[in-house]
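Here the structure comes first, spelled out in structure tokens, and everything after it is commentary.
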Amino acid sequence: MTPPLSKNPLLKTPLSKTTATVRVPGTSANLGPGFDSLGLAVSLYDTLNITTTDVPGLEFELSGEGEQVLPRDESHLVVKTLDIAWSRLGYSRVGVRVSAHNVLPHGRGLGSSASAIVAAIMAANALVAPEDQQDKAWVLQLASELEGHPDNVAPAIFGAVALSWQDGEGYFSARVTPLEEVVPVVAIPDVELKTERARGMLPASVPHADAAANSGRAALLMHALTTEPSLLLAGTRDYLHQDYRAEAMPASAALVASLRAAGYAAFISGAGPTVMVLANGSEQAHAAVQSIIEAGAVASNASQGGVSWRVERLQVDLEGAKVEVHP
């Protein structure tokens with residue numbers, strides 16, 4: 001089910017002097033109990049411009065988040081992904097100009113790596129001959145393979161809420177549209193947490209009772225998102241990963257506990273350390289922002305053990321990644 005389309009050694013070259021512009025939403029994986037299976041697209045967007053040229057080599061312009069530390073050569077995730085995608089499609093890069101503007105913070109649990117992978121694959125796909133272009137199901141396969149799981153890449157591709165799974169070597173996703181009343185609010189800390197470290201804190205097994213409780217809450221969450229948002233607090237209760245990771249992000253864990261005690265559906269976004277609240281309507285979203293501010297979680301106040309926060313009220317992105325091709 002993975003997409004190794006072409007092994008032809010006579011590789012073609014992408015369309016010359018053509019630009020693909022891709023806008024990809026940020027994503028929040030897990031949503032509490034949906035470990036490695038649920039993801040939500042939100043209204044924070046990275047933008048990638050890929051221009052093919054006849055001159056061999058790479059030009060790379062980078063602005064926004066990570067511009068001081070990210071590489072601008074073949075080691076960048078975008079360039080590596082472009083080359084893999086083109087190779088799978090039967091193409092090979094000659095010259096390329098990359099211009100990336102990053103809004104998603106890195107290492108915060110908002111899908112920055114998934115955004116880069118999806119953007120690069122969709123740009124590569126758009127810059128080959130029409131008869132060689134593939135659909136979004138192919139994009140999902142390759143992006144999931146490169147990311148390691150589909151929980152972030154699926155909502156980045158399709159928008160809304162993505163319920164994703166793996167069957168053998170194949171990756172699949174069902175798109176679910178939440179109610180308009182569901183409003184995401186994020187508290188983004190000024191510290192990073194590498195996904196590898198967060199995953200390394202998880203146990204090899206969990207008690208059967210915890211697994212059973214978690215499956216019930218994940219099912220309840222889907223009902224809350226689509227039918228009865230008053231159940232979002234109960235539906236976002238997790239038993240599989242957040243407690244085990246709390247030691248790596250004590251400020252985030254403390255904020256989640258405080259917000260949930262006050263009645264808000266708060267959880268760790270992805271592997272963290274960003275905290276997200278799924279509010280039931282505009283009024284509760286406003287109240288959640290105020291509660292976070294009152295807890296000291298604002299960028300101007302380095303509280304919670306020295307961590308400072310940026311608080312944003314977002315929207316659910318319903319469109320997913322969008323690509324435009326122009327000369």
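The chains in the structure tokens are called A, B, ... from first to last as shown; in each chain the residues are counted from 1, and the ligands are counted from 1 in the order shown.
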Do a neighbour search on Leu318 in chain A at 12 Å with only C-alpha atoms, toss out local chain neighbours closer than 2 positions, and write the hits as an mmCIF file with N, CA, C and O atoms, in the first residue's frame.
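The new file out-v5.cif reads:
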```cif
data_model
loop_
_atom_site.group_PDB
_atom_site.id
_atom_site.type_symbol
_atom_site.label_atom_id
_atom_site.label_comp_id
_atom_site.auth_asym_id
_atom_site.auth_seq_id
_atom_site.Cartn_x
_atom_site.Cartn_y
_atom_site.Cartn_z
ATOM 1 N N VAL A 24 -0.090 24.839 4.117
ATOM 2 C CA VAL A 24 -0.442 23.670 4.923
ATOM 3 C C VAL A 24 -0.816 24.120 6.335
ATOM 4 O O VAL A 24 -0.075 24.881 6.961
ATOM 5 N N PRO A 25 -1.949 23.641 6.861
ATOM 6 C CA PRO A 25 -2.325 24.021 8.222
ATOM 7 C C PRO A 25 -1.503 23.286 9.273
ATOM 8 O O PRO A 25 -0.984 22.194 9.031
ATOM 9 N N GLY A 26 -1.408 23.897 10.428
ATOM 10 C CA GLY A 26 -0.860 23.196 11.576
ATOM 11 C C GLY A 26 -1.831 22.140 12.047
ATOM 12 O O GLY A 26 -3.018 22.136 11.682
ATOM 13 N N THR A 27 -1.335 21.227 12.850
ATOM 14 C CA THR A 27 -2.172 20.122 13.316
ATOM 15 C C THR A 27 -1.891 19.820 14.784
ATOM 16 O O THR A 27 -0.794 20.059 15.284
ATOM 17 N N LEU A 40 -6.243 17.037 14.380
ATOM 18 C CA LEU A 40 -7.101 18.179 14.079
ATOM 19 C C LEU A 40 -6.290 19.232 13.340
ATOM 20 O O LEU A 40 -5.185 19.590 13.763
ATOM 21 N N ALA A 41 -6.830 19.749 12.226
ATOM 22 C CA ALA A 41 -6.177 20.827 11.490
ATOM 23 C C ALA A 41 -6.633 22.170 12.049
ATOM 24 O O ALA A 41 -7.825 22.385 12.287
ATOM 25 N N VAL A 42 -5.671 23.082 12.258
ATOM 26 C CA VAL A 42 -5.978 24.382 12.855
ATOM 27 C C VAL A 42 -5.428 25.510 11.988
ATOM 28 O O VAL A 42 -4.563 25.308 11.129
ATOM 29 N N SER A 43 -5.927 26.710 12.249
ATOM 30 C CA SER A 43 -5.672 27.866 11.389
ATOM 31 C C SER A 43 -4.334 28.548 11.678
ATOM 32 O O SER A 43 -4.257 29.757 11.922
ATOM 33 N N PRO A 155 -4.659 15.122 8.903
ATOM 34 C CA PRO A 155 -5.401 16.385 8.959
ATOM 35 C C PRO A 155 -4.712 17.505 8.189
ATOM 36 O O PRO A 155 -5.389 18.403 7.675
ATOM 37 N N ALA A 156 -3.378 17.461 8.087
ATOM 38 C CA ALA A 156 -2.690 18.466 7.280
ATOM 39 C C ALA A 156 -3.105 18.367 5.818
ATOM 40 O O ALA A 156 -3.239 19.369 5.121
ATOM 41 N N ILE A 157 -3.326 17.156 5.330
ATOM 42 C CA ILE A 157 -3.716 16.938 3.938
ATOM 43 C C ILE A 157 -5.195 17.232 3.719
ATOM 44 O O ILE A 157 -5.567 17.952 2.788
ATOM 45 N N PHE A 158 -6.046 16.703 4.589
ATOM 46 C CA PHE A 158 -7.488 16.709 4.338
ATOM 47 C C PHE A 158 -8.257 17.764 5.121
ATOM 48 O O PHE A 158 -9.408 18.044 4.809
ATOM 49 N N GLY A 159 -7.665 18.337 6.171
ATOM 50 C CA GLY A 159 -8.363 19.302 7.000
ATOM 51 C C GLY A 159 -9.296 18.638 8.004
ATOM 52 O O GLY A 159 -9.424 17.417 8.062
ATOM 53 N N ALA A 160 -9.950 19.479 8.815
ATOM 54 C CA ALA A 160 -10.938 19.047 9.807
ATOM 55 C C ALA A 160 -10.318 18.070 10.816
ATOM 56 O O ALA A 160 -9.152 18.211 11.189
ATOM 57 N N VAL A 161 -11.079 17.084 11.266
ATOM 58 C CA VAL A 161 -10.579 16.030 12.151
ATOM 59 C C VAL A 161 -10.296 14.799 11.302
ATOM 60 O O VAL A 161 -11.117 14.412 10.466
ATOM 61 N N ALA A 162 -9.144 14.203 11.489
ATOM 62 C CA ALA A 162 -8.789 12.992 10.764
ATOM 63 C C ALA A 162 -8.700 11.828 11.737
ATOM 64 O O ALA A 162 -8.008 11.914 12.753
ATOM 65 N N ARG A 175 -12.151 11.444 7.175
ATOM 66 C CA ARG A 175 -12.297 12.852 7.546
ATOM 67 C C ARG A 175 -13.616 13.064 8.272
ATOM 68 O O ARG A 175 -14.674 12.621 7.825
ATOM 69 N N VAL A 176 -13.565 13.766 9.404
ATOM 70 C CA VAL A 176 -14.748 14.044 10.215
ATOM 71 C C VAL A 176 -14.832 15.556 10.416
ATOM 72 O O VAL A 176 -13.856 16.191 10.832
ATOM 73 N N THR A 177 -15.988 16.129 10.122
ATOM 74 C CA THR A 177 -16.175 17.572 10.298
ATOM 75 C C THR A 177 -16.780 17.854 11.668
ATOM 76 O O THR A 177 -17.899 17.412 11.954
ATOM 77 N N PRO A 178 -16.067 18.570 12.533
ATOM 78 C CA PRO A 178 -16.628 18.870 13.857
ATOM 79 C C PRO A 178 -17.674 19.973 13.769
ATOM 80 O O PRO A 178 -17.773 20.701 12.777
ATOM 81 N N LEU A 179 -18.452 20.089 14.816
ATOM 82 C CA LEU A 179 -19.428 21.161 14.907
ATOM 83 C C LEU A 179 -18.742 22.526 14.907
ATOM 84 O O LEU A 179 -17.605 22.673 15.361
ATOM 85 N N GLU A 180 -19.466 23.540 14.413
ATOM 86 C CA GLU A 180 -18.920 24.894 14.422
ATOM 87 C C GLU A 180 -18.633 25.389 15.834
ATOM 88 O O GLU A 180 -17.790 26.274 16.032
ATOM 89 N N GLN A 315 -9.109 28.582 14.719
ATOM 90 C CA GLN A 315 -10.277 27.963 14.110
ATOM 91 C C GLN A 315 -9.878 26.579 13.613
ATOM 92 O O GLN A 315 -8.699 26.301 13.376
ATOM 93 N N VAL A 316 -10.864 25.722 13.443
ATOM 94 C CA VAL A 316 -10.626 24.436 12.787
ATOM 95 C C VAL A 316 -10.479 24.700 11.289
ATOM 96 O O VAL A 316 -11.337 25.338 10.679
ATOM 97 N N GLY A 320 -7.597 21.749 4.591
ATOM 98 C CA GLY A 320 -6.344 21.037 4.470
ATOM 99 C C GLY A 320 -5.374 21.730 3.537
ATOM 100 O O GLY A 320 -5.563 22.902 3.169
ATOM 101 N N ALA A 321 -4.335 21.035 3.136
ATOM 102 C CA ALA A 321 -3.296 21.625 2.303
ATOM 103 C C ALA A 321 -3.844 22.031 0.945
ATOM 104 O O ALA A 321 -4.630 21.304 0.332
ATOM 105 N N LYS A 322 -3.406 23.189 0.465
ATOM 106 C CA LYS A 322 -3.834 23.700 -0.825
ATOM 107 C C LYS A 322 -2.598 24.017 -1.666
ATOM 108 O O LYS A 322 -1.629 24.605 -1.164
#
```
**Asked** Tell me, which residues of range 241-293 of chain A carry DSSP strand (DSSP E), written as a VMD selection string?
**Response** chain A and resid 266 to 268 275 to 280
Could you write out that same residue set with C-alpha atoms as a PDB file, in the first residue's frame?
```pdb
ATOM      1  CA  ALA A 266      -7.562  20.706  27.895  1.00  0.00           C
ATOM      2  CA  PHE A 267      -4.866  18.263  26.771  1.00  0.00           C
ATOM      3  CA  ILE A 268      -1.296  18.109  25.513  1.00  0.00           C
ATOM      4  CA  VAL A 275      -1.519  22.855  25.584  1.00  0.00           C
ATOM      5  CA  MET A 276      -4.793  22.902  23.653  1.00  0.00           C
ATOM      6  CA  VAL A 277      -8.350  23.481  24.800  1.00  0.00           C
ATOM      7  CA  LEU A 278     -11.328  22.451  22.692  1.00  0.00           C
ATOM      8  CA  ALA A 279     -13.895  25.008  23.766  1.00  0.00           C
ATOM      9  CA  ASN A 280     -17.646  24.592  23.445  1.00  0.00           C
TER      10      ASN A 280
END
```
**Request:** For range 99-102 of chain A, please output as a PyMOL selection string all residues within 8 Å (counting only C-alpha atoms; exclusion window: fewer than 5 positions along the same chain).
**Result:** chain A and resi 45-50+60-66
Could those residues be written to a file, using all heavy atoms, as an mmCIF file, in the first residue's frame?
```
data_model
loop_
_atom_site.group_PDB
_atom_site.id
_atom_site.type_symbol
_atom_site.label_atom_id
_atom_site.label_comp_id
_atom_site.auth_asym_id
_atom_site.auth_seq_id
_atom_site.Cartn_x
_atom_site.Cartn_y
_atom_site.Cartn_z
ATOM 1 N N TYR A 45 -0.611 28.490 9.499
ATOM 2 C CA TYR A 45 -0.238 27.987 8.182
ATOM 3 C C TYR A 45 1.232 28.252 7.855
ATOM 4 O O TYR A 45 1.715 29.382 7.967
ATOM 5 C CB TYR A 45 -1.106 28.638 7.103
ATOM 6 C CG TYR A 45 -2.571 28.385 7.292
ATOM 7 C CD1 TYR A 45 -3.372 29.316 7.959
ATOM 8 C CD2 TYR A 45 -3.166 27.216 6.828
ATOM 9 C CE1 TYR A 45 -4.729 29.099 8.133
ATOM 10 C CE2 TYR A 45 -4.530 26.983 7.007
ATOM 11 C CZ TYR A 45 -5.297 27.922 7.660
ATOM 12 O OH TYR A 45 -6.637 27.686 7.842
ATOM 13 N N ASP A 46 1.913 27.191 7.408
ATOM 14 C CA ASP A 46 3.220 27.322 6.772
ATOM 15 C C ASP A 46 3.013 27.410 5.270
ATOM 16 O O ASP A 46 2.099 26.770 4.715
ATOM 17 C CB ASP A 46 4.102 26.111 7.086
ATOM 18 C CG ASP A 46 4.718 26.174 8.470
ATOM 19 O OD1 ASP A 46 4.536 27.192 9.162
ATOM 20 O OD2 ASP A 46 5.373 25.198 8.859
ATOM 21 N N THR A 47 3.854 28.189 4.602
ATOM 22 C CA THR A 47 3.751 28.361 3.156
ATOM 23 C C THR A 47 5.075 27.993 2.505
ATOM 24 O O THR A 47 6.149 28.427 2.953
ATOM 25 C CB THR A 47 3.386 29.808 2.792
ATOM 26 O OG1 THR A 47 2.176 30.180 3.449
ATOM 27 C CG2 THR A 47 3.191 29.957 1.287
ATOM 28 N N LEU A 48 4.997 27.197 1.450
ATOM 29 C CA LEU A 48 6.185 26.729 0.743
ATOM 30 C C LEU A 48 6.040 27.024 -0.746
ATOM 31 O O LEU A 48 5.019 26.698 -1.358
ATOM 32 C CB LEU A 48 6.355 25.222 0.954
ATOM 33 C CG LEU A 48 7.550 24.552 0.267
ATOM 34 C CD1 LEU A 48 8.855 25.016 0.901
ATOM 35 C CD2 LEU A 48 7.426 23.037 0.335
ATOM 36 N N ASN A 49 7.061 27.659 -1.326
ATOM 37 C CA ASN A 49 7.138 27.892 -2.768
ATOM 38 C C ASN A 49 8.300 27.091 -3.326
ATOM 39 O O ASN A 49 9.440 27.243 -2.872
ATOM 40 C CB ASN A 49 7.339 29.371 -3.072
ATOM 41 C CG ASN A 49 6.141 30.220 -2.723
ATOM 42 O OD1 ASN A 49 5.146 30.229 -3.434
ATOM 43 N ND2 ASN A 49 6.235 30.930 -1.610
ATOM 44 N N ILE A 50 8.024 26.249 -4.310
ATOM 45 C CA ILE A 50 9.049 25.457 -4.978
ATOM 46 C C ILE A 50 9.064 25.848 -6.456
ATOM 47 O O ILE A 50 8.052 25.717 -7.154
ATOM 48 C CB ILE A 50 8.775 23.948 -4.857
ATOM 49 C CG1 ILE A 50 8.688 23.536 -3.393
ATOM 50 C CG2 ILE A 50 9.850 23.151 -5.595
ATOM 51 C CD1 ILE A 50 9.978 23.676 -2.624
ATOM 52 N N PHE A 60 17.830 28.427 -1.385
ATOM 53 C CA PHE A 60 16.893 28.222 -0.275
ATOM 54 C C PHE A 60 16.747 29.515 0.514
ATOM 55 O O PHE A 60 17.703 30.029 1.078
ATOM 56 C CB PHE A 60 17.419 27.114 0.654
ATOM 57 C CG PHE A 60 16.342 26.436 1.473
ATOM 58 C CD1 PHE A 60 16.192 25.060 1.447
ATOM 59 C CD2 PHE A 60 15.464 27.157 2.269
ATOM 60 C CE1 PHE A 60 15.212 24.418 2.187
ATOM 61 C CE2 PHE A 60 14.482 26.541 3.012
ATOM 62 C CZ PHE A 60 14.359 25.158 2.965
ATOM 63 N N GLU A 61 15.516 30.038 0.527
ATOM 64 C CA GLU A 61 15.175 31.199 1.347
ATOM 65 C C GLU A 61 14.231 30.736 2.453
ATOM 66 O O GLU A 61 13.286 29.992 2.200
ATOM 67 C CB GLU A 61 14.497 32.281 0.508
ATOM 68 C CG GLU A 61 15.371 32.855 -0.590
ATOM 69 C CD GLU A 61 14.617 33.889 -1.414
ATOM 70 O OE1 GLU A 61 13.413 34.121 -1.125
ATOM 71 O OE2 GLU A 61 15.225 34.453 -2.336
ATOM 72 N N LEU A 62 14.497 31.181 3.672
ATOM 73 C CA LEU A 62 13.717 30.736 4.825
ATOM 74 C C LEU A 62 13.415 31.919 5.721
ATOM 75 O O LEU A 62 14.303 32.705 6.055
ATOM 76 C CB LEU A 62 14.492 29.671 5.603
ATOM 77 C CG LEU A 62 13.861 29.117 6.875
ATOM 78 C CD1 LEU A 62 12.551 28.403 6.575
ATOM 79 C CD2 LEU A 62 14.826 28.174 7.580
ATOM 80 N N SER A 63 12.159 32.064 6.114
ATOM 81 C CA SER A 63 11.761 33.133 7.022
ATOM 82 C C SER A 63 10.785 32.596 8.053
ATOM 83 O O SER A 63 10.169 31.543 7.864
ATOM 84 C CB SER A 63 11.125 34.301 6.248
ATOM 85 O OG SER A 63 9.953 33.869 5.577
ATOM 86 N N GLY A 64 10.641 33.325 9.146
ATOM 87 C CA GLY A 64 9.694 32.933 10.187
ATOM 88 C C GLY A 64 10.312 32.003 11.207
ATOM 89 O O GLY A 64 11.516 32.071 11.495
ATOM 90 N N GLU A 65 9.494 31.134 11.768
ATOM 91 C CA GLU A 65 9.937 30.214 12.812
ATOM 92 C C GLU A 65 11.114 29.365 12.327
ATOM 93 O O GLU A 65 11.076 28.799 11.239
ATOM 94 C CB GLU A 65 8.792 29.295 13.230
ATOM 95 C CG GLU A 65 7.660 29.990 13.952
ATOM 96 C CD GLU A 65 7.989 30.300 15.396
ATOM 97 O OE1 GLU A 65 8.964 29.718 15.923
ATOM 98 O OE2 GLU A 65 7.279 31.116 16.001
ATOM 99 N N GLY A 66 12.146 29.293 13.138
ATOM 100 C CA GLY A 66 13.294 28.456 12.840
ATOM 101 C C GLY A 66 14.302 29.052 11.887
ATOM 102 O O GLY A 66 15.290 28.385 11.530
#
```
Please tabulate, as JSON lines, the residues of range 166-284 of chain A that come within 9 Å of range 105-117 of chain A, each with its closest pair of atoms and the distance in Å to one decimal, counting only C-alpha atoms and ordering rows by chain, then residue number upward.
```
{"residue": "A:Ile188", "atom": "CA", "partner": "A:Arg108", "partner_atom": "CA", "distance": 7.1}
{"residue": "A:Pro189", "atom": "CA", "partner": "A:Arg108", "partner_atom": "CA", "distance": 7.6}
{"residue": "A:Asp190", "atom": "CA", "partner": "A:Arg108", "partner_atom": "CA", "distance": 8.7}
{"residue": "A:Val191", "atom": "CA", "partner": "A:Arg108", "partner_atom": "CA", "distance": 7.6}
{"residue": "A:Glu192", "atom": "CA", "partner": "A:Gly107", "partner_atom": "CA", "distance": 4.7}
{"residue": "A:Leu193", "atom": "CA", "partner": "A:Gly107", "partner_atom": "CA", "distance": 5.3}
{"residue": "A:Lys194", "atom": "CA", "partner": "A:Gly107", "partner_atom": "CA", "distance": 5.5}
{"residue": "A:Thr195", "atom": "CA", "partner": "A:Gly107", "partner_atom": "CA", "distance": 7.2}
{"residue": "A:Ile268", "atom": "CA", "partner": "A:Gly109", "partner_atom": "CA", "distance": 8.1}
{"residue": "A:Ser269", "atom": "CA", "partner": "A:Gly109", "partner_atom": "CA", "distance": 5.3}
{"residue": "A:Gly270", "atom": "CA", "partner": "A:Gly109", "partner_atom": "CA", "distance": 4.6}
{"residue": "A:Ala271", "atom": "CA", "partner": "A:Gly109", "partner_atom": "CA", "distance": 5.3}
{"residue": "A:Gly272", "atom": "CA", "partner": "A:Gly109", "partner_atom": "CA", "distance": 4.5}
{"residue": "A:Pro273", "atom": "CA", "partner": "A:Arg108", "partner_atom": "CA", "distance": 5.4}
{"residue": "A:Thr274", "atom": "CA", "partner": "A:Arg108", "partner_atom": "CA", "distance": 5.5}
{"residue": "A:Val275", "atom": "CA", "partner": "A:Gly109", "partner_atom": "CA", "distance": 8.7}
```
Can you spit out the residues from that selection as an mmCIF file, in the first residue's frame, using all heavy atoms?
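In the end it all went to out.cif:
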```cif
data_model
loop_
_atom_site.group_PDB
_atom_site.id
_atom_site.type_symbol
_atom_site.label_atom_id
_atom_site.label_comp_id
_atom_site.auth_asym_id
_atom_site.auth_seq_id
_atom_site.Cartn_x
_atom_site.Cartn_y
_atom_site.Cartn_z
ATOM 1 N N ILE A 188 1.076 28.126 23.738
ATOM 2 C CA ILE A 188 2.334 27.643 23.167
ATOM 3 C C ILE A 188 3.484 28.114 24.043
ATOM 4 O O ILE A 188 3.707 29.323 24.184
ATOM 5 C CB ILE A 188 2.524 28.166 21.727
ATOM 6 C CG1 ILE A 188 1.302 27.823 20.868
ATOM 7 C CG2 ILE A 188 3.799 27.606 21.116
ATOM 8 C CD1 ILE A 188 1.306 28.488 19.498
ATOM 9 N N PRO A 189 4.241 27.197 24.638
ATOM 10 C CA PRO A 189 5.345 27.603 25.507
ATOM 11 C C PRO A 189 6.576 27.994 24.704
ATOM 12 O O PRO A 189 6.691 27.686 23.510
ATOM 13 C CB PRO A 189 5.614 26.348 26.338
ATOM 14 C CG PRO A 189 5.239 25.234 25.412
ATOM 15 C CD PRO A 189 4.091 25.729 24.584
ATOM 16 N N ASP A 190 7.519 28.659 25.361
ATOM 17 C CA ASP A 190 8.743 29.088 24.687
ATOM 18 C C ASP A 190 9.849 28.044 24.803
ATOM 19 O O ASP A 190 11.029 28.357 24.611
ATOM 20 C CB ASP A 190 9.223 30.427 25.252
ATOM 21 C CG ASP A 190 9.594 30.355 26.727
ATOM 22 O OD1 ASP A 190 9.292 29.327 27.370
ATOM 23 O OD2 ASP A 190 10.181 31.326 27.241
ATOM 24 N N VAL A 191 9.492 26.815 25.095
ATOM 25 C CA VAL A 191 10.464 25.726 25.172
ATOM 26 C C VAL A 191 10.031 24.613 24.229
ATOM 27 O O VAL A 191 8.840 24.432 23.962
ATOM 28 C CB VAL A 191 10.616 25.169 26.606
ATOM 29 C CG1 VAL A 191 11.217 26.221 27.522
ATOM 30 C CG2 VAL A 191 9.267 24.693 27.137
ATOM 31 N N GLU A 192 11.000 23.853 23.723
ATOM 32 C CA GLU A 192 10.721 22.744 22.824
ATOM 33 C C GLU A 192 10.756 21.422 23.577
ATOM 34 O O GLU A 192 11.325 21.319 24.663
ATOM 35 C CB GLU A 192 11.761 22.686 21.697
ATOM 36 C CG GLU A 192 11.754 23.886 20.773
ATOM 37 C CD GLU A 192 12.726 23.714 19.622
ATOM 38 O OE1 GLU A 192 13.118 22.563 19.335
ATOM 39 O OE2 GLU A 192 13.097 24.732 19.010
ATOM 40 N N LEU A 193 10.130 20.426 22.958
ATOM 41 C CA LEU A 193 10.241 19.052 23.432
ATOM 42 C C LEU A 193 10.310 18.167 22.207
ATOM 43 O O LEU A 193 9.383 18.138 21.398
ATOM 44 C CB LEU A 193 9.040 18.651 24.296
ATOM 45 C CG LEU A 193 9.033 17.199 24.797
ATOM 46 C CD1 LEU A 193 10.222 16.945 25.710
ATOM 47 C CD2 LEU A 193 7.730 16.867 25.500
ATOM 48 N N LYS A 194 11.414 17.469 22.034
ATOM 49 C CA LYS A 194 11.577 16.595 20.891
ATOM 50 C C LYS A 194 10.620 15.402 20.994
ATOM 51 O O LYS A 194 10.479 14.791 22.056
ATOM 52 C CB LYS A 194 13.014 16.092 20.793
ATOM 53 C CG LYS A 194 14.043 17.199 20.573
ATOM 54 C CD LYS A 194 13.812 17.938 19.260
ATOM 55 C CE LYS A 194 14.882 18.998 19.022
ATOM 56 N NZ LYS A 194 14.606 19.758 17.765
ATOM 57 N N THR A 195 9.990 15.089 19.867
ATOM 58 C CA THR A 195 9.049 13.967 19.846
ATOM 59 C C THR A 195 9.723 12.670 20.269
ATOM 60 O O THR A 195 9.124 11.837 20.963
ATOM 61 C CB THR A 195 8.449 13.810 18.435
ATOM 62 O OG1 THR A 195 7.775 15.021 18.079
ATOM 63 C CG2 THR A 195 7.465 12.654 18.390
ATOM 64 N N ILE A 268 -2.578 17.834 26.147
ATOM 65 C CA ILE A 268 -1.296 18.109 25.513
ATOM 66 C C ILE A 268 -1.450 17.928 24.008
ATOM 67 O O ILE A 268 -1.945 16.902 23.542
ATOM 68 C CB ILE A 268 -0.197 17.174 26.040
ATOM 69 C CG1 ILE A 268 -0.017 17.355 27.547
ATOM 70 C CG2 ILE A 268 1.122 17.415 25.310
ATOM 71 C CD1 ILE A 268 0.453 18.733 27.963
ATOM 72 N N SER A 269 -1.033 18.927 23.240
ATOM 73 C CA SER A 269 -1.131 18.853 21.786
ATOM 74 C C SER A 269 0.008 18.003 21.238
ATOM 75 O O SER A 269 1.181 18.346 21.402
ATOM 76 C CB SER A 269 -1.070 20.258 21.187
ATOM 77 O OG SER A 269 -1.143 20.216 19.773
ATOM 78 N N GLY A 270 -0.333 16.895 20.598
ATOM 79 C CA GLY A 270 0.687 16.002 20.068
ATOM 80 C C GLY A 270 1.584 15.486 21.168
ATOM 81 O O GLY A 270 1.124 15.081 22.235
ATOM 82 N N ALA A 271 2.895 15.533 20.907
ATOM 83 C CA ALA A 271 3.869 15.128 21.909
ATOM 84 C C ALA A 271 4.201 16.255 22.876
ATOM 85 O O ALA A 271 5.010 16.084 23.779
ATOM 86 C CB ALA A 271 5.149 14.632 21.232
ATOM 87 N N GLY A 272 3.572 17.427 22.684
ATOM 88 C CA GLY A 272 3.781 18.559 23.560
ATOM 89 C C GLY A 272 4.956 19.427 23.129
ATOM 90 O O GLY A 272 5.623 19.147 22.146
ATOM 91 N N PRO A 273 5.196 20.465 23.916
ATOM 92 C CA PRO A 273 4.538 20.832 25.177
ATOM 93 C C PRO A 273 3.391 21.825 25.055
ATOM 94 O O PRO A 273 2.932 22.352 26.067
ATOM 95 C CB PRO A 273 5.694 21.441 25.977
ATOM 96 C CG PRO A 273 6.547 22.098 24.934
ATOM 97 C CD PRO A 273 6.451 21.227 23.707
ATOM 98 N N THR A 274 2.928 22.124 23.830
ATOM 99 C CA THR A 274 1.777 23.018 23.689
ATOM 100 C C THR A 274 0.541 22.404 24.354
ATOM 101 O O THR A 274 0.327 21.195 24.292
ATOM 102 C CB THR A 274 1.489 23.297 22.207
ATOM 103 O OG1 THR A 274 2.539 24.113 21.679
ATOM 104 C CG2 THR A 274 0.164 24.004 21.998
ATOM 105 N N VAL A 275 -0.247 23.261 24.982
ATOM 106 C CA VAL A 275 -1.519 22.855 25.584
ATOM 107 C C VAL A 275 -2.649 23.361 24.697
ATOM 108 O O VAL A 275 -2.632 24.511 24.248
ATOM 109 C CB VAL A 275 -1.665 23.428 27.006
ATOM 110 C CG1 VAL A 275 -3.071 23.171 27.560
ATOM 111 C CG2 VAL A 275 -0.611 22.833 27.930
#
```
**Request:** Find, counting only C-alpha atoms, the residue in A:Gly263, A:Gly200, A:Pro184, A:Gly281 that gets nearest to Pro229 in chain A.
**Result:**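 Among the listed residues, the smallest separation from Pro229 in chain A belongs to A:Gly281.
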**Message:** Residues near Gly57 in chain A, anyone? I mean within 9 Å using only C-alpha atoms, not counting same-chain ones fewer than 6 positions away, as a list in words.
**Reply:**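 My reading of the contact set: Arg93, Val94, Gly95, Val96 and Arg97 of chain A.
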**Message:** Give me, as a PyMOL selection string, all polymer residues having an atom no more than 8 Å from Leu231 in chain A, counting only C-alpha atoms and skipping those fewer than 4 positions away in the same chain.
**Reply:** chain A and resi 220-221+224+235
**Request:** Enumerate as a PyMOL selection string all residues of range 114-287 of chain A assigned to alpha helix (DSSP H) by DSSP on the backbone, naming them with the chain letters and numbers the document uses.
**Result:** chain A and resi 114-126+136-147+153-158+195-200+208-226+232-235+242-245+250-261+282-287
**Message:** Taking only C-alpha atoms into account, name the residue in A:Ser258, A:Glu181, A:Pro203, A:Leu140 that is nearest to Ala285 in chain A.
**Reply:**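 Selected residue with least distance to Ala285 in chain A: A:Glu181.
Omitting Thr81 in chain A and its sequence neighbours fewer than 3 positions away, and counting only C-alpha atoms, the residues within 8 Å are A:Leu77, A:Val78, A:Ile84, A:Ala85, A:Ile117, A:Ala120, A:Ile121.
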**Message:** I want to know what sits within 9 Å of Val323 in chain A, based on only C-alpha atoms, with residues of the same chain fewer than 2 positions away left out; could you give that as a PyMOL selection string?
**Reply:** chain A and resi 20-24+119+122-123+126+321+325
**Request:** May I ask for the distance between CA of Leu202 in chain A and CA of Ile292 in chain A, given in Å to one decimal place?
**Result:** 27.6 Å
